[in-house]
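Enquirer: Contents are TSV, C-alpha atoms; file name final-v2.tsv:
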chain	number	residue	atom	x	y	z
B	1	MET	CA	-27.56	-5.92	10.50
B	2	ALA	CA	-28.76	-8.49	7.99
B	3	CYS	CA	-32.51	-8.81	7.45
B	4	GLN	CA	-33.94	-11.99	9.03
B	5	ARG	CA	-36.47	-13.88	6.94
B	6	ALA	CA	-39.83	-14.80	8.46
B	7	PRO	CA	-40.03	-18.44	9.60
B	8	VAL	CA	-43.12	-19.01	7.47
B	9	GLU	CA	-44.53	-17.52	4.27
B	10	PRO	CA	-47.80	-18.09	2.38
B	11	ALA	CA	-47.58	-20.62	-0.44
B	12	PHE	CA	-51.15	-20.68	-1.82
B	13	GLN	CA	-54.87	-20.65	-1.09
B	14	TYR	CA	-57.46	-22.83	-2.82
B	15	SER	CA	-61.23	-22.64	-2.33
B	16	SER	CA	-63.32	-25.77	-2.81
B	17	ASP	CA	-66.42	-23.51	-3.09
B	18	ALA	CA	-68.21	-25.02	-0.09
B	19	SER	CA	-67.54	-25.49	3.60
B	20	SER	CA	-65.79	-28.67	4.66
B	21	ARG	CA	-65.11	-30.71	7.77
B	22	THR	CA	-63.45	-33.74	6.21
B	23	GLY	CA	-59.86	-32.85	6.93
B	24	LEU	CA	-57.11	-33.50	4.41
B	25	THR	CA	-55.90	-36.88	3.19
B	26	ALA	CA	-52.16	-36.79	2.61
B	27	LEU	CA	-50.71	-37.90	-0.73
B	28	VAL	CA	-47.08	-38.08	-1.78
B	29	ASP	CA	-47.54	-35.07	-4.06
B	30	GLY	CA	-50.50	-33.25	-2.53
B	31	VAL	CA	-53.79	-33.75	-0.70
B	32	LEU	CA	-57.38	-34.94	-1.08
B	33	LEU	CA	-60.48	-33.38	0.47
B	34	GLY	CA	-64.26	-33.46	0.28
B	35	ASN	CA	-66.88	-30.80	1.00
B	36	GLU	CA	-70.55	-30.30	1.87
B	37	ALA	CA	-71.43	-29.82	-1.82
B	38	GLY	CA	-70.33	-33.40	-2.52
B	39	ALA	CA	-67.10	-32.57	-4.33
B	40	VAL	CA	-63.96	-34.68	-3.93
B	41	VAL	CA	-60.84	-32.75	-4.96
B	42	ARG	CA	-57.24	-33.78	-5.49
B	43	LEU	CA	-54.70	-30.94	-5.26
B	44	ASP	CA	-51.03	-31.02	-6.17
B	45	ARG	CA	-48.33	-29.39	-4.06
B	46	GLY	CA	-48.86	-26.07	-5.76
B	47	GLY	CA	-52.56	-25.97	-4.87
B	48	ARG	CA	-53.67	-26.78	-8.42
B	49	PRO	CA	-56.63	-29.17	-8.87
B	50	VAL	CA	-55.56	-32.45	-10.47
B	51	TRP	CA	-59.18	-33.60	-10.66
B	52	THR	CA	-62.61	-32.97	-9.12
B	53	THR	CA	-65.37	-35.58	-8.85
B	54	ARG	CA	-68.87	-34.58	-7.76
B	55	LEU	CA	-70.92	-37.09	-5.78
B	56	GLY	CA	-73.96	-34.85	-5.28
B	57	ARG	CA	-74.30	-35.04	-1.48
B	58	GLU	CA	-72.11	-33.93	1.39
B	59	VAL	CA	-68.83	-35.74	1.95
B	60	ALA	CA	-68.44	-35.40	5.73
B	61	VAL	CA	-65.33	-37.49	6.40
B	62	ALA	CA	-61.94	-37.65	4.73
B	63	PRO	CA	-61.47	-39.80	1.61
B	64	THR	CA	-59.34	-42.89	2.25
B	65	VAL	CA	-56.59	-44.11	-0.08
B	66	ALA	CA	-56.14	-47.83	-0.79
B	67	GLY	CA	-53.38	-48.38	-3.35
B	68	ASP	CA	-54.47	-46.49	-6.46
B	69	ASN	CA	-58.07	-46.26	-5.22
B	70	VAL	CA	-59.88	-43.56	-3.27
B	71	ILE	CA	-62.77	-44.72	-1.07
B	72	VAL	CA	-65.26	-41.97	-0.24
B	73	GLY	CA	-68.80	-41.88	1.14
B	74	THR	CA	-71.63	-39.37	1.52
B	75	VAL	CA	-74.15	-38.53	4.23
B	76	ALA	CA	-76.85	-39.89	1.91
B	77	GLY	CA	-75.44	-43.42	2.11
B	78	GLU	CA	-73.50	-43.68	-1.13
B	79	LEU	CA	-70.04	-45.25	-1.15
B	80	ALA	CA	-67.77	-44.83	-4.16
B	81	CYS	CA	-64.36	-46.04	-5.29
B	82	LEU	CA	-62.51	-43.53	-7.46
B	83	SER	CA	-59.27	-43.74	-9.39
B	84	LEU	CA	-56.53	-41.90	-7.54
B	85	GLN	CA	-54.97	-40.93	-10.87
B	86	ASP	CA	-57.92	-39.20	-12.53
B	87	GLY	CA	-60.93	-39.39	-10.15
B	88	LYS	CA	-62.97	-41.63	-12.44
B	89	GLU	CA	-65.55	-43.80	-10.72
B	90	ARG	CA	-64.70	-47.51	-10.50
B	91	TRP	CA	-67.74	-48.62	-8.53
B	92	ARG	CA	-70.50	-47.12	-6.43
B	93	LEU	CA	-72.89	-48.55	-3.85
B	94	GLY	CA	-76.20	-46.90	-3.00
B	95	GLY	CA	-78.59	-47.50	-0.16
B	96	GLU	CA	-75.78	-47.80	2.38
B	97	PRO	CA	-75.84	-46.17	5.84
B	98	PRO	CA	-74.69	-42.53	5.98
B	99	VAL	CA	-70.90	-42.33	6.05
B	100	LEU	CA	-70.23	-40.33	9.23
B	101	THR	CA	-67.17	-42.26	10.41
B	102	PRO	CA	-63.90	-42.22	8.44
B	103	PRO	CA	-63.37	-45.52	6.57
B	104	VAL	CA	-60.31	-47.55	7.53
B	105	VAL	CA	-58.27	-49.64	5.06
B	106	ASP	CA	-56.03	-52.59	5.91
B	107	ASP	CA	-52.29	-52.41	5.27
B	108	ALA	CA	-52.60	-54.49	2.10
B	109	GLY	CA	-55.19	-52.11	0.66
B	110	HIS	CA	-57.62	-54.98	0.02
B	111	THR	CA	-60.35	-54.37	2.60
B	112	VAL	CA	-62.14	-51.23	3.74
B	113	PHE	CA	-63.99	-51.14	7.06
B	114	LEU	CA	-67.00	-48.88	7.66
B	115	VAL	CA	-69.02	-48.14	10.78
B	116	ALA	CA	-72.70	-47.28	10.36
B	117	PRO	CA	-74.48	-44.73	12.58
B	118	ASP	CA	-76.29	-47.60	14.35
B	119	GLY	CA	-72.96	-49.25	15.24
B	120	ALA	CA	-72.97	-52.00	12.61
B	121	VAL	CA	-69.53	-52.67	11.10
B	122	HIS	CA	-68.98	-53.63	7.45
B	123	ALA	CA	-65.92	-55.01	5.70
B	124	LEU	CA	-65.89	-54.56	1.92
B	125	ALA	CA	-63.49	-55.58	-0.85
B	126	VAL	CA	-61.71	-52.48	-2.15
B	127	ASP	CA	-61.57	-53.72	-5.76
B	128	SER	CA	-65.28	-54.50	-6.08
B	129	GLY	CA	-67.25	-53.20	-3.10
B	130	GLN	CA	-68.47	-56.72	-2.32
B	131	ALA	CA	-69.11	-57.51	1.32
B	132	ARG	CA	-66.53	-59.65	3.09
B	133	TRP	CA	-68.48	-59.62	6.35
B	134	LYS	CA	-71.01	-57.54	8.23
B	135	ARG	CA	-71.62	-57.41	11.97
B	136	PRO	CA	-74.65	-55.82	13.60
B	137	ALA	CA	-73.95	-53.38	16.40
B	138	PRO	CA	-72.53	-55.40	19.31
B	139	ARG	CA	-74.33	-54.95	22.63
B	140	ALA	CA	-73.02	-54.94	26.15
B	141	PRO	CA	-74.57	-57.52	28.50
B	142	GLY	CA	-78.06	-56.44	29.52
B	143	GLN	CA	-78.30	-53.76	26.85
B	144	ALA	CA	-81.56	-53.49	24.92
B	145	SER	CA	-81.62	-54.62	21.31
B	146	PRO	CA	-81.53	-52.01	18.54
B	147	ALA	CA	-85.23	-52.61	17.88
B	148	GLN	CA	-86.05	-51.75	21.50
B	149	ALA	CA	-83.71	-48.78	21.76
B	150	PRO	CA	-82.83	-47.35	18.34
B	151	ALA	CA	-81.34	-44.10	19.64
B	152	ALA	CA	-78.86	-45.88	21.89
B	153	GLN	CA	-76.76	-47.01	18.94
B	154	ALA	CA	-76.34	-43.57	17.40
B	155	PRO	CA	-73.91	-40.88	18.52
B	156	ALA	CA	-75.47	-38.57	21.10
B	157	SER	CA	-74.87	-35.59	18.81
B	158	ALA	CA	-76.57	-37.22	15.79
B	159	PRO	CA	-79.73	-39.21	16.75
B	160	ALA	CA	-80.79	-41.64	14.05
B	161	GLU	CA	-84.32	-40.24	13.86
B	162	SER	CA	-83.02	-36.73	13.00
B	163	LEU	CA	-79.85	-37.52	11.10
B	164	GLU	CA	-80.18	-35.24	8.09
B	165	PRO	CA	-80.51	-31.97	10.03
B	166	GLN	CA	-77.52	-32.94	12.16
B	167	VAL	CA	-74.96	-33.73	9.48
B	168	SER	CA	-74.20	-30.11	8.68
B	169	VAL	CA	-73.43	-29.26	12.31
B	170	ALA	CA	-69.95	-30.14	13.58
B	171	PRO	CA	-68.94	-32.23	15.41
B	172	ALA	CA	-71.68	-34.78	14.60
B	173	LEU	CA	-69.15	-37.39	13.50
B	174	ARG	CA	-68.01	-40.50	15.30
B	175	ALA	CA	-64.35	-41.14	16.06
B	176	ALA	CA	-62.54	-43.29	13.50
B	177	PRO	CA	-61.60	-46.90	14.35
B	178	VAL	CA	-57.97	-48.01	14.40
B	179	LEU	CA	-56.60	-51.21	12.91
B	180	LEU	CA	-53.49	-52.91	14.26
B	181	GLU	CA	-52.25	-56.48	14.60
B	182	GLY	CA	-55.34	-57.79	12.80
B	183	VAL	CA	-57.71	-56.17	15.30
B	184	LEU	CA	-60.20	-53.41	14.48
B	185	VAL	CA	-60.88	-51.26	17.55
B	186	VAL	CA	-64.19	-49.42	17.16
B	187	PRO	CA	-65.74	-46.78	19.46
B	188	LEU	CA	-69.50	-47.32	19.63
B	189	GLY	CA	-72.38	-46.01	21.72
B	190	SER	CA	-72.30	-49.21	23.78
B	191	GLY	CA	-68.57	-48.98	24.50
B	192	LEU	CA	-65.24	-49.72	22.90
B	193	TRP	CA	-65.18	-52.96	20.89
B	194	ALA	CA	-62.31	-54.92	19.34
B	195	LEU	CA	-63.24	-57.07	16.33
B	196	ASP	CA	-61.22	-59.62	14.41
B	197	ALA	CA	-60.42	-57.91	11.10
B	198	ARG	CA	-60.84	-61.12	9.08
B	199	SER	CA	-64.15	-62.32	10.49
B	200	GLY	CA	-65.68	-59.47	12.47
B	201	GLU	CA	-65.89	-61.66	15.57
B	202	PRO	CA	-65.61	-59.71	18.84
B	203	ARG	CA	-62.30	-60.08	20.70
B	204	TRP	CA	-63.00	-57.88	23.73
B	205	SER	CA	-64.97	-54.84	24.85
B	206	LYS	CA	-64.61	-52.06	27.41
B	207	PRO	CA	-67.33	-49.82	28.89
B	208	VAL	CA	-65.66	-46.69	27.49
B	209	THR	CA	-68.09	-44.28	25.82
B	210	ASP	CA	-68.20	-40.72	24.46
B	211	VAL	CA	-64.90	-41.33	22.67
B	212	VAL	CA	-63.46	-38.33	20.80
B	213	GLY	CA	-60.54	-40.16	19.22
B	214	LEU	CA	-58.10	-43.05	19.11
B	215	ASP	CA	-54.45	-43.47	18.24
B	216	SER	CA	-52.13	-46.47	18.42
B	217	GLU	CA	-48.51	-47.47	18.86
B	218	ARG	CA	-47.25	-51.03	18.36
B	219	ASP	CA	-49.66	-53.11	20.51
B	220	THR	CA	-51.27	-50.21	22.41
B	221	VAL	CA	-54.46	-48.26	21.68
B	222	PHE	CA	-54.81	-44.76	23.14
B	223	VAL	CA	-58.40	-43.67	23.83
B	224	ALA	CA	-59.61	-40.17	24.72
B	225	THR	CA	-63.13	-39.44	25.97
B	226	ARG	CA	-64.92	-36.12	26.09
B	227	PRO	CA	-65.49	-36.24	29.87
B	228	GLY	CA	-61.71	-36.31	30.34
B	229	ARG	CA	-60.42	-39.89	30.42
B	230	LEU	CA	-57.28	-40.83	28.51
B	231	LEU	CA	-56.43	-44.53	28.52
B	232	ALA	CA	-53.72	-46.78	27.10
B	233	LEU	CA	-55.13	-50.25	26.37
B	234	SER	CA	-53.57	-53.52	25.24
B	235	VAL	CA	-54.88	-54.38	21.77
B	236	LYS	CA	-54.60	-58.07	22.66
B	237	ASP	CA	-57.12	-58.15	25.51
B	238	GLY	CA	-58.20	-54.57	26.26
B	239	SER	CA	-56.42	-54.46	29.63
B	240	THR	CA	-55.56	-50.99	30.91
B	241	ARG	CA	-51.87	-50.08	30.90
B	242	TRP	CA	-52.38	-46.59	32.30
B	243	GLU	CA	-55.09	-43.98	32.70
B	244	GLN	CA	-55.16	-40.21	33.14
B	245	ARG	CA	-58.14	-38.00	33.95
B	246	PHE	CA	-58.60	-34.31	33.14
B	247	ALA	CA	-61.18	-32.40	35.17
B	248	ASP	CA	-61.90	-29.93	32.35
B	249	GLY	CA	-62.53	-32.64	29.75
B	250	VAL	CA	-60.84	-33.51	26.47
B	251	THR	CA	-61.47	-31.35	23.39
B	252	GLY	CA	-59.94	-33.50	20.66
B	253	PRO	CA	-58.39	-36.84	19.72
B	254	PRO	CA	-54.95	-37.99	20.89
B	255	ALA	CA	-51.96	-37.99	18.53
B	256	ARG	CA	-48.41	-39.28	18.88
B	257	ALA	CA	-45.72	-36.83	17.86
B	258	LEU	CA	-42.10	-36.10	18.80
B	259	GLY	CA	-41.94	-38.79	21.46
B	260	ALA	CA	-45.15	-37.93	23.32
B	261	LEU	CA	-48.91	-38.38	23.18
B	262	TRP	CA	-50.66	-35.04	22.68
B	263	VAL	CA	-54.28	-34.20	23.42
B	264	GLY	CA	-56.42	-31.07	23.63
B	265	VAL	CA	-57.71	-30.44	27.16
B	266	GLY	CA	-60.39	-27.94	28.21
B	267	PRO	CA	-60.81	-25.09	28.15
B	268	ALA	CA	-57.90	-24.42	25.75
B	269	SER	CA	-54.71	-26.31	26.55
B	270	LEU	CA	-52.41	-28.80	24.87
B	271	VAL	CA	-51.09	-31.58	27.09
B	272	GLY	CA	-48.26	-33.99	26.25
B	273	LEU	CA	-47.89	-37.33	28.02
B	274	SER	CA	-45.39	-40.15	28.08
B	275	THR	CA	-46.75	-42.97	25.92
B	276	ALA	CA	-45.20	-45.61	28.19
B	277	GLU	CA	-46.65	-44.52	31.53
B	278	GLY	CA	-49.06	-41.63	30.95
B	279	ARG	CA	-46.99	-39.15	32.93
B	280	GLU	CA	-47.59	-35.50	31.95
B	281	VAL	CA	-44.49	-34.06	30.27
B	282	ALA	CA	-45.80	-30.77	28.83
B	283	ARG	CA	-48.71	-28.36	29.09
B	284	VAL	CA	-49.17	-25.33	26.81
B	285	ALA	CA	-51.94	-22.73	26.82
B	286	LEU	CA	-53.56	-22.22	23.40
B	287	PRO	CA	-55.44	-19.23	21.93
B	288	SER	CA	-58.51	-21.47	21.40
B	289	PRO	CA	-59.31	-25.18	21.83
B	290	LEU	CA	-57.57	-27.95	19.92
B	291	VAL	CA	-60.29	-30.15	18.42
B	292	GLY	CA	-58.14	-31.86	15.77
B	293	ARG	CA	-54.72	-33.51	15.95
B	294	VAL	CA	-51.23	-32.09	16.10
B	295	GLN	CA	-48.63	-32.71	13.40
B	296	VAL	CA	-44.83	-32.59	13.09
B	297	GLY	CA	-43.11	-30.08	10.81
B	298	LEU	CA	-39.40	-29.67	9.99
B	299	GLU	CA	-38.36	-32.40	12.44
B	300	ASP	CA	-38.65	-30.46	15.71
B	301	LEU	CA	-41.80	-28.33	15.31
B	302	LEU	CA	-45.15	-29.35	16.75
B	303	LEU	CA	-47.93	-27.83	14.63
B	304	VAL	CA	-51.16	-27.22	16.56
B	305	PRO	CA	-54.36	-26.21	14.69
B	306	THR	CA	-56.80	-24.22	16.82
B	307	SER	CA	-60.54	-23.90	16.36
B	308	GLY	CA	-61.25	-20.24	17.06
B	309	ARG	CA	-62.56	-17.85	14.42
B	310	GLU	CA	-59.06	-16.71	13.55
B	311	GLY	CA	-57.91	-20.29	12.99
B	312	ARG	CA	-54.42	-19.88	14.37
B	313	LEU	CA	-51.81	-22.52	13.55
B	314	VAL	CA	-49.39	-22.52	16.46
B	315	ALA	CA	-45.88	-23.94	16.03
B	316	LEU	CA	-44.08	-25.13	19.17
B	317	LYS	CA	-40.38	-25.96	19.13
B	318	ALA	CA	-39.04	-29.11	20.78
B	319	PRO	CA	-37.81	-29.91	23.34
B	320	GLY	CA	-39.01	-26.97	25.45
B	321	TRP	CA	-42.33	-26.46	23.56
B	322	THR	CA	-41.78	-22.72	23.32
B	323	PRO	CA	-43.73	-20.88	20.58
B	324	ALA	CA	-41.77	-20.66	17.33
B	325	PHE	CA	-44.43	-18.78	15.35
B	326	THR	CA	-48.18	-18.45	14.83
B	327	VAL	CA	-50.01	-17.96	11.54
B	328	ARG	CA	-53.64	-16.97	11.09
B	329	ALA	CA	-56.02	-18.67	8.68
B	330	ASP	CA	-59.14	-16.53	9.39
B	331	THR	CA	-61.25	-19.70	9.47
B	332	PRO	CA	-61.50	-22.33	12.23
B	333	LEU	CA	-58.96	-25.15	11.93
B	334	ARG	CA	-60.54	-28.35	13.19
B	335	THR	CA	-58.53	-31.05	11.47
B	336	ARG	CA	-54.92	-32.18	11.33
B	337	PRO	CA	-52.42	-30.34	9.11
B	338	VAL	CA	-50.57	-32.20	6.36
B	339	VAL	CA	-46.83	-31.68	6.01
B	340	ARG	CA	-44.93	-32.34	2.80
B	341	GLY	CA	-41.33	-31.22	3.07
B	342	PRO	CA	-41.32	-27.51	3.93
B	343	LEU	CA	-45.02	-27.15	2.98
B	344	VAL	CA	-47.82	-27.22	5.55
B	345	PHE	CA	-51.39	-27.66	4.30
B	346	VAL	CA	-54.47	-26.91	6.45
B	347	LEU	CA	-58.18	-27.15	5.68
B	348	GLY	CA	-60.36	-24.38	7.02
B	349	LEU	CA	-63.98	-24.88	8.01
B	350	ASP	CA	-64.93	-22.57	5.12
B	351	GLY	CA	-63.52	-25.12	2.65
B	352	ARG	CA	-60.31	-23.27	1.83
B	353	VAL	CA	-57.04	-25.17	1.65
B	354	LEU	CA	-54.20	-22.94	2.79
B	355	ALA	CA	-50.52	-23.74	2.54
B	356	TRP	CA	-47.47	-22.13	4.07
B	357	ARG	CA	-43.79	-22.72	3.43
B	358	LEU	CA	-41.70	-23.21	6.53
B	359	ARG	CA	-38.15	-21.90	6.56
B	360	VAL	CA	-35.33	-23.60	8.37
B	361	PRO	CA	-33.84	-21.04	10.77
B	362	PRO	CA	-30.14	-20.27	10.21
B	363	PRO	CA	-27.63	-21.70	12.71
B	364	ALA	CA	-27.21	-19.57	15.83
Take the structure in the file and write it out as structure tokens.

Expert:
Amino acid sequence: MACQRAPVEPAFQYSSDASSRTGLTALVDGVLLGNEAGAVVRLDRGGRPVWTTRLGREVAVAPTVAGDNVIVGTVAGELACLSLQDGKERWRLGGEPPVLTPPVVDDAGHTVFLVAPDGAVHALAVDSGQARWKRPAPRAPGQASPAQAPAAQAPASAPAESLEPQVSVAPALRAAPVLLEGVLVVPLGSGLWALDARSGEPRWSKPVTDVVGLDSERDTVFVATRPGRLLALSVKDGSTRWEQRFADGVTGPPARALGALWVGVGPASLVGLSTAEGREVARVALPSPLVGRVQVGLEDLLLVPTSGREGRLVALKAPGWTPAFTVRADTPLRTRPVVRGPLVFVLGLDGRVLAWRLRVPPPA
């Protein structure tokens, strides 16, 4: 009997020398990451550092790529633009709000949008850092002003008056906005707000709070909340297209993959839903909760990072969602894997980047 090769084999490990919760930013030929020591690192596909830039304070959210620029911020309120090629600094702004929400860049790569801990939204020019517009935190009707209620504008897990002690404790980060059809949809303490990307003017709002993540498809925004609501909203006017509720709550953000919308549900399950109508199409028990997003590997594999101590990456095979294999990282996996061809990259909470090489199984 011929020996059968394992479906996955280790490719490399790289340590960034500090813990990290940024997740990985995918590049054509590798990945970017930041860590709590303030380092921003670009790795190639072999796990070799292309460059490292040190910003001095924790980078808590993933760097964002805009053309040949990398936009990255720190918990101390510095925002920098680096060269994607060599990591050299092109501009830096100080005295900004702590960067605890992932920046979002428009499709043209000309404007970067940032959300401050108090809910204010900024639009900056990528090439210079100059402000295009700035909007204070929008308020729902009858809501107190920020001066009257400063804590109401900050995430519940990271009060403004005690921000610095909170930034090293996951998950003290706010869900990232999404940008589609010229509309920036932003989850804030006061609810979900849609702003015009050119002017910052509000388009609509919904009383949806405690958001753990957003995703989008064409003209629809998918919103998951920690208490267990999952909604599909029209980006045009915020109207609800469908809604699902999970009694055990939602553990992580939604993600579209392999024809379904996937979300982590408490205590430790993965649920797939139809994007068109919200009907449940799959449910899989996991070894520990999914707090990040799933990813697709080798066309028909659903890669699921789990957050337990062992950091198991579970691969499910479409269309039946049966386990194909599981690999152990020995560090919690709390962010989405990156796939480049047969390579799968994950970032552990301990700051290690691990990569495995997937093997295409032989024909039956």

Enquirer: Between CA of Ala176 (chain B) and CA of Thr251 (chain B), what is the spacing in Å?

Expert: 15.5 Å

Enquirer: Using all atoms listed in the file, which protein or nucleic acid residues come within 10 Å of region 277-288 of chain B? Drop anything in the same chain fewer than 4 positions from it, and give the result as JSON, numbers by chain.

Expert: {"B": [230, 231, 232, 241, 242, 243, 244, 260, 261, 262, 263, 264, 265, 266, 267, 268, 269, 270, 271, 272, 273, 304, 305, 306, 307, 308, 309, 310, 311, 312, 313, 314, 316, 319, 320, 321, 322, 323, 332]}

Enquirer: So, counting only C-alpha atoms, which residue among B:Thr53, B:Thr111, B:Thr64, B:Thr335 is closest to Asp86 (chain B)?

Expert: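 Of B:Thr53, B:Thr111, B:Thr64, B:Thr335, the one nearest Asp86 (chain B) is B:Thr53, counting only C-alpha atoms.
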
Enquirer: I'd like the neighbourhood of Ala66 (chain B) as a list in words, where a residue qualifies if any of its atoms comes within 10 Å (using all atoms listed in the file), though same-chain residues fewer than 3 positions away should be ignored.

Expert: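 Surrounding residues, per the criterion: Pro63, Asn69, Val70, Ile71, Cys81, Leu84, Val104, Val105, Asp106, Asp107, Ala108, Gly109, His110, Thr111, Val112, Val126 and Asp127 of chain B.
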
Enquirer: Export C-alpha atoms of the chosen residues as a CSV table (one decimal), in the frame of the given file?

Expert:
chain,number,residue,atom,x,y,z
B,63,PRO,CA,-61.5,-39.8,1.6
B,69,ASN,CA,-58.1,-46.3,-5.2
B,70,VAL,CA,-59.9,-43.6,-3.3
B,71,ILE,CA,-62.8,-44.7,-1.1
B,81,CYS,CA,-64.4,-46.0,-5.3
B,84,LEU,CA,-56.5,-41.9,-7.5
B,104,VAL,CA,-60.3,-47.6,7.5
B,105,VAL,CA,-58.3,-49.6,5.1
B,106,ASP,CA,-56.0,-52.6,5.9
B,107,ASP,CA,-52.3,-52.4,5.3
B,108,ALA,CA,-52.6,-54.5,2.1
B,109,GLY,CA,-55.2,-52.1,0.7
B,110,HIS,CA,-57.6,-55.0,0.0
B,111,THR,CA,-60.4,-54.4,2.6
B,112,VAL,CA,-62.1,-51.2,3.7
B,126,VAL,CA,-61.7,-52.5,-2.2
B,127,ASP,CA,-61.6,-53.7,-5.8

Enquirer: Between CA of Gly95 (chain B) and CA of Gly77 (chain B), what distance in Å does the model show, to one decimal?

Expert: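 Calculated distance between CA of Gly95 (chain B) and CA of Gly77 (chain B) is 5.6 Å.
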
Enquirer: Residues near Leu354 (chain B), anyone? I mean within 9 Å using only C-alpha atoms, not counting same-chain ones fewer than 5 positions away, as a list of chain:residue names.

Expert: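 So, after excluding close chain neighbours, the residues are B:Pro10, B:Ala11, B:Phe12, B:Gln13, B:Tyr14, B:Ser15, B:Gly47, B:Ala329, B:Val344, B:Phe345, B:Val346, B:Leu347, B:Gly348.
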